[in-house]
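**Q** First, the structure itself, so that you have it in front of you.
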Amino acid sequence: MQTKRGKRRDVWTVVTVTALVFYAIFLLYPLITLLSRSFMNGEGAFSMENFARIFSKKYYLRAMGNSFKVTLAVTFFSVLLATPLAYIMSVFKIRGKGVLEILVLISSMSAPFIGAYSWIMLFGRNGSITNIFKNFLGFTLPDIYGFNGIVIVMSLQLYSLVFMFVSGAFKNMDNSLIEASESMGCTGLRKMFRVVLPLIMPTLLAGALMVFMRTFADYGTPRLIGEGYNTLPVLVYNEFMSETGSNDGLAAAISIIAVVITTSVFLIQKLVVNRKQFTMSALHPIEPRQLKGLPNVLAHLYCYLLVFVAMMPQLYVIYSSFRKTSGKLFVEGYWLGSYKEAFTTVGRSIVNTYVLSFISIVAIVLIAVLIAYVVVRRRNALNNSLDVISMFPETVAGSVLGIALLMTFSHRPLLLSGTAFIMVLSFTIRRLPYTVRSSSAILHQISPSIEEASISLGASNMKTFFKVTVPMMMPGVISGAILSWIAIITELSTSIILYTTNTKTMTLEIYSQIIRGNDGIASAISSILTFSTVIALAVFFKVSGKKDITM
């Protein structure tokens with residue numbers, strides 16, 4: 001019996017060590033390479049000149065300030081929009097609630113820069129709605145470009161992340177706490193700020209952190225709609241990929257500053273949440289109640305209006321994909337020509353997207369279930385370290401990871417740059433945390449006694465894992481994998497650093513077509529992405545048995 005236990009330990013120790021080696025080679029080593037490059041001057045000698053240049057020139061300080069302003073504003077407005085929406089839809093009866101929840105998800109499941117592109121087509125200087133106001137009402141709408149445009153686009157897309165977190169918190173809230181506060185005279189806004197917000201605060205902060213990280217790392221939106229309003233990801237790309245002479249050391253220094261900022265925010269959020277964290281059992285869950293009169297009208301109006309405005313960019317892109325084009329211009333009439341041209345001229349990018357994402361998801365699922373198992377079932381100092389490292393990619397911006405991988409693997413002995421493998425590697429590392437987290441969550445709900453019974457009947461440790469444990473984990477694994485897959489097919493920040501003509505994906509093709517002014521093809525490819533995410537969500541609901549996605 002002792003020998004069997006020793007073998008079991010050895011097998012899972014090998015899994016832990018292998019996973020740590022994987023992260024050491026493909027995540028920590030590239031980041032260390034990036035760090036070392038940031039302290040080198042043009043001649044390869046140790047120097048602080050890159051950091052001195054960043055902190056002494058207004059151009060770089062302004063971009064850093066812009067990143068903070070945009071990120072904080074988007075986080076604030078996302079929370080401001082999502083929290084009332086989640087509260088209203090959880091506490092009150094809203095007609096069409098199920099449809100609204102699905103639309104909230106769909107509105108978020110696209111690359112943010114596609115939203116920026118849509119808003120430009122709608123509210124840009126020559127946008128459809130801009131021209132309607134100008135030609136028929138004689139009124140000029142405010143400029144959509146710059147800081148305001150970035151904040152509007154990203155807030156209306158990323159508020160859904162906060163909504164998913166807060167909705168999950170309301171489902172786990174015990175309604176008796178709210179009833180007790182009401183019986184003591186705490187009602188209205190006082191109840192919201194004194195009772196409800198403190199109860200959901202840990203979850204609210206987790207959602208806000210996700211928004212902060214996504215906004216801080218985004219490259220495409222500031223690039224398209226910012227019009228010179230530079231942020232750190234744009235600055236990193238400009239310095240690393242500049243056609244007039246790239247500066248690897250400066251790009252590395254900016255990247256390291258970005259990693260320090262995001263890691264610091266992540267640790268602060270964890271510290272605050274740990275202090276405020278508590279357990280709550282919904283023995284008496286919230287039962288939605290019917291509003292009457294004006295409050296009922298206002299509640300429905302808020303939900304419908306917010307979801308419609310958030311969905312409007314995607315709806316307009318789908319509409320535009322069927323509009324007839326002549327060259328680069330839309331003309332009267334409708335057709336399927338944009339889809340035909342998309343499949344015939346840039347069909348390879350569509351194939352690349354599905355092939356690369358499929359390979360990445362297979363790798364993610366295999367690695368995630370193994371990591372989740374050792375982290376949950378074999379808790380020790382080594383596995384705790386693996387748990388922390390597996391979540392670390394959430395704090396690394398896509399462009400930063402792309403540069404780190406390219407700097408590290410652009411020469412022998414590991415020459416990976418320009419290959420499909422480096423694209424798959426970047427997708428796997430960046431999106432692995434989603435599936436690890438969902439796999440760990442469902443594994444916590446599976447009793448270890450089931451595995452012990454299998455082993456006592458003579459099954460080996462690994463046979464028990466693959467034949468008993470993994471099938472029971474599948475709903476959580478598939479849920480995380482689908483969310484990871486959606487994030488992969490809409491990825492831009494990392495891909496734009498690493499791709500070649502042979503590994504170009506749909507998001508890169510959309511970005512290229514937008515830059516060239518081919519709005520018809522760009523709209524068609526964007527619509528294909530939207531249809532893909534809708535199908536993925538349908539599969540998620542079917543597999544998980546859920547009617548919504550909450551975190």
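By convention here, the chains of the structure tokens are called A, B, ... in the order presented, each chain's residues are numbered starting at 1, and ligands are numbered starting at 1 in the order presented.
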Determine, counting only C-alpha atoms, which protein, DNA and RNA residues have an atom within 8 Å of an atom of range 24-26 of chain A; residues of the same chain fewer than 3 positions away are not included. Present the result as a list in words.
**A**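 Everything that qualifies: Leu20, Val21, Tyr29, Pro30, Leu405 and Leu425 of chain A.
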**Q** Using the selection just defined, write its residues with N, CA, C and O atoms as a compact mmCIF listing (two decimals), in the first residue's frame.
**A**
# COMPACT_ATOMS: atom_id res chain seq x y z
N LEU A 20 5.72 23.42 -14.03
CA LEU A 20 6.60 24.52 -13.61
C LEU A 20 7.71 24.77 -14.64
O LEU A 20 8.06 25.92 -14.92
N VAL A 21 8.24 23.68 -15.22
CA VAL A 21 9.26 23.83 -16.26
C VAL A 21 8.67 24.52 -17.49
O VAL A 21 9.31 25.39 -18.10
N TYR A 29 11.11 32.83 -18.32
CA TYR A 29 12.34 33.11 -19.06
C TYR A 29 12.18 34.26 -20.07
O TYR A 29 13.02 35.16 -20.13
N PRO A 30 11.09 34.27 -20.88
CA PRO A 30 10.90 35.43 -21.75
C PRO A 30 10.76 36.76 -20.99
O PRO A 30 11.28 37.79 -21.44
N LEU A 405 8.18 37.00 -25.98
CA LEU A 405 8.36 35.74 -26.72
C LEU A 405 9.22 35.95 -27.96
O LEU A 405 10.08 35.12 -28.28
N LEU A 425 1.50 28.92 -28.74
CA LEU A 425 2.10 29.10 -27.42
C LEU A 425 1.56 30.35 -26.73
O LEU A 425 1.19 30.32 -25.54
**Q** Among range 93-140 of chain A, which ones does DSSP place in helix (DSSP H, G or I), written as a PyMOL selection string?
**A** chain A and resi 97-108+112-123+128-136
**Q** Counting only C-alpha atoms, figure out which residue out of A:Glu43, A:Met462, A:Pro471, A:Ser357 gets nearest to Thr428 in chain A.
**A** A:Ser357
**Q** Using only C-alpha atoms, which protein or nucleic acid residues come within 10 Å of Thr140 in chain A? Drop anything in the same chain fewer than 5 positions from it, and give the result as a list in words.
**A**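 Within the cut-off, the hits are Arg125, Thr130, Asn131, Ile132, Phe133, Lys134 and Asn135 of chain A.
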**Q** Keeping only N, CA and C atoms, write the selected residues as an mmCIF file, in the first residue's frame.
**A**
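Contents of the output file again.cif:
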data_model
loop_
_atom_site.group_PDB
_atom_site.id
_atom_site.type_symbol
_atom_site.label_atom_id
_atom_site.label_comp_id
_atom_site.auth_asym_id
_atom_site.auth_seq_id
_atom_site.Cartn_x
_atom_site.Cartn_y
_atom_site.Cartn_z
ATOM 1 N N ARG A 125 -16.708 61.135 -38.199
ATOM 2 C CA ARG A 125 -16.942 62.407 -38.918
ATOM 3 C C ARG A 125 -17.827 62.204 -40.139
ATOM 4 N N THR A 130 -24.049 60.393 -37.584
ATOM 5 C CA THR A 130 -23.516 61.764 -37.651
ATOM 6 C C THR A 130 -24.113 62.515 -38.833
ATOM 7 N N ASN A 131 -24.180 61.859 -39.995
ATOM 8 C CA ASN A 131 -24.727 62.499 -41.197
ATOM 9 C C ASN A 131 -26.227 62.753 -41.074
ATOM 10 N N ILE A 132 -26.947 61.826 -40.388
ATOM 11 C CA ILE A 132 -28.389 62.037 -40.188
ATOM 12 C C ILE A 132 -28.632 63.296 -39.362
ATOM 13 N N PHE A 133 -27.889 63.441 -38.271
ATOM 14 C CA PHE A 133 -28.041 64.621 -37.422
ATOM 15 C C PHE A 133 -27.635 65.890 -38.169
ATOM 16 N N LYS A 134 -26.580 65.776 -38.975
ATOM 17 C CA LYS A 134 -26.066 66.958 -39.668
ATOM 18 C C LYS A 134 -26.992 67.378 -40.808
ATOM 19 N N ASN A 135 -27.459 66.414 -41.600
ATOM 20 C CA ASN A 135 -28.237 66.732 -42.796
ATOM 21 C C ASN A 135 -29.705 67.045 -42.509
#
**Q** Write down as a PDB file with N, CA, C and O atoms, in the first residue's frame the residues of range 221-331 of chain A whose backbone DSSP state falls under strand (DSSP E or B).
**A**
ATOM      1  N   PRO A 285     -32.511  32.466  -1.022  1.00  0.00           N
ATOM      2  CA  PRO A 285     -32.063  33.273  -2.166  1.00  0.00           C
ATOM      3  C   PRO A 285     -33.071  34.356  -2.529  1.00  0.00           C
ATOM      4  O   PRO A 285     -34.252  34.281  -2.183  1.00  0.00           O
ATOM      5  N   ARG A 289     -39.031  40.274  -7.507  1.00  0.00           N
ATOM      6  CA  ARG A 289     -40.402  40.734  -7.250  1.00  0.00           C
ATOM      7  C   ARG A 289     -40.845  41.701  -8.340  1.00  0.00           C
ATOM      8  O   ARG A 289     -40.024  42.325  -9.000  1.00  0.00           O
ATOM      9  N   ARG A 323     -24.349  45.026 -46.997  1.00  0.00           N
ATOM     10  CA  ARG A 323     -24.487  46.180 -47.893  1.00  0.00           C
ATOM     11  C   ARG A 323     -23.594  46.005 -49.124  1.00  0.00           C
ATOM     12  O   ARG A 323     -22.487  45.472 -49.037  1.00  0.00           O
ATOM     13  N   LYS A 324     -24.103  46.480 -50.247  1.00  0.00           N
ATOM     14  CA  LYS A 324     -23.354  46.355 -51.499  1.00  0.00           C
ATOM     15  C   LYS A 324     -22.221  47.374 -51.514  1.00  0.00           C
ATOM     16  O   LYS A 324     -22.362  48.492 -51.011  1.00  0.00           O
ATOM     17  N   THR A 325     -21.089  46.968 -52.059  1.00  0.00           N
ATOM     18  CA  THR A 325     -19.937  47.866 -52.154  1.00  0.00           C
ATOM     19  C   THR A 325     -19.483  48.008 -53.596  1.00  0.00           C
ATOM     20  O   THR A 325     -19.666  47.111 -54.424  1.00  0.00           O
ATOM     21  N   SER A 326     -18.906  49.165 -53.878  1.00  0.00           N
ATOM     22  CA  SER A 326     -18.266  49.414 -55.164  1.00  0.00           C
ATOM     23  C   SER A 326     -16.858  49.899 -54.852  1.00  0.00           C
ATOM     24  O   SER A 326     -16.675  51.020 -54.399  1.00  0.00           O
ATOM     25  N   LEU A 329     -16.278  51.643 -51.297  1.00  0.00           N
ATOM     26  CA  LEU A 329     -17.417  52.445 -50.851  1.00  0.00           C
ATOM     27  C   LEU A 329     -18.706  51.627 -50.833  1.00  0.00           C
ATOM     28  O   LEU A 329     -18.924  50.764 -51.691  1.00  0.00           O
ATOM     29  N   PHE A 330     -19.560  51.925 -49.849  1.00  0.00           N
ATOM     30  CA  PHE A 330     -20.890  51.330 -49.819  1.00  0.00           C
ATOM     31  C   PHE A 330     -21.784  52.061 -50.813  1.00  0.00           C
ATOM     32  O   PHE A 330     -21.738  53.284 -50.939  1.00  0.00           O
ATOM     33  N   VAL A 331     -22.620  51.287 -51.551  1.00  0.00           N
ATOM     34  CA  VAL A 331     -23.565  51.863 -52.503  1.00  0.00           C
ATOM     35  C   VAL A 331     -24.953  51.304 -52.192  1.00  0.00           C
ATOM     36  O   VAL A 331     -25.129  50.487 -51.287  1.00  0.00           O
TER      37      VAL A 331
END
**Q** So the first atom is CA of Lys58 in chain A and the second is CA of Asn247 in chain A; what is the distance between them in Å, to one decimal place?
**A** 17.9 Å
**Q** Hey, which of A:Pro413, A:Pro475, A:Gly42, A:Gly520 ends up closest to Met121 in chain A? Count only C-alpha atoms.
**A**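 Closest candidate: A:Gly520.
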**Q** For Asn148 in chain A, find every residue with an atom within 9 Å (counting only C-alpha atoms), except residues of its own chain fewer than 4 positions away, and show them as a list in words.
**A**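 Listing them by chain and then by number gives Val70, Asp143, Ile144, Ile152, Val153 and Gly226 of chain A.
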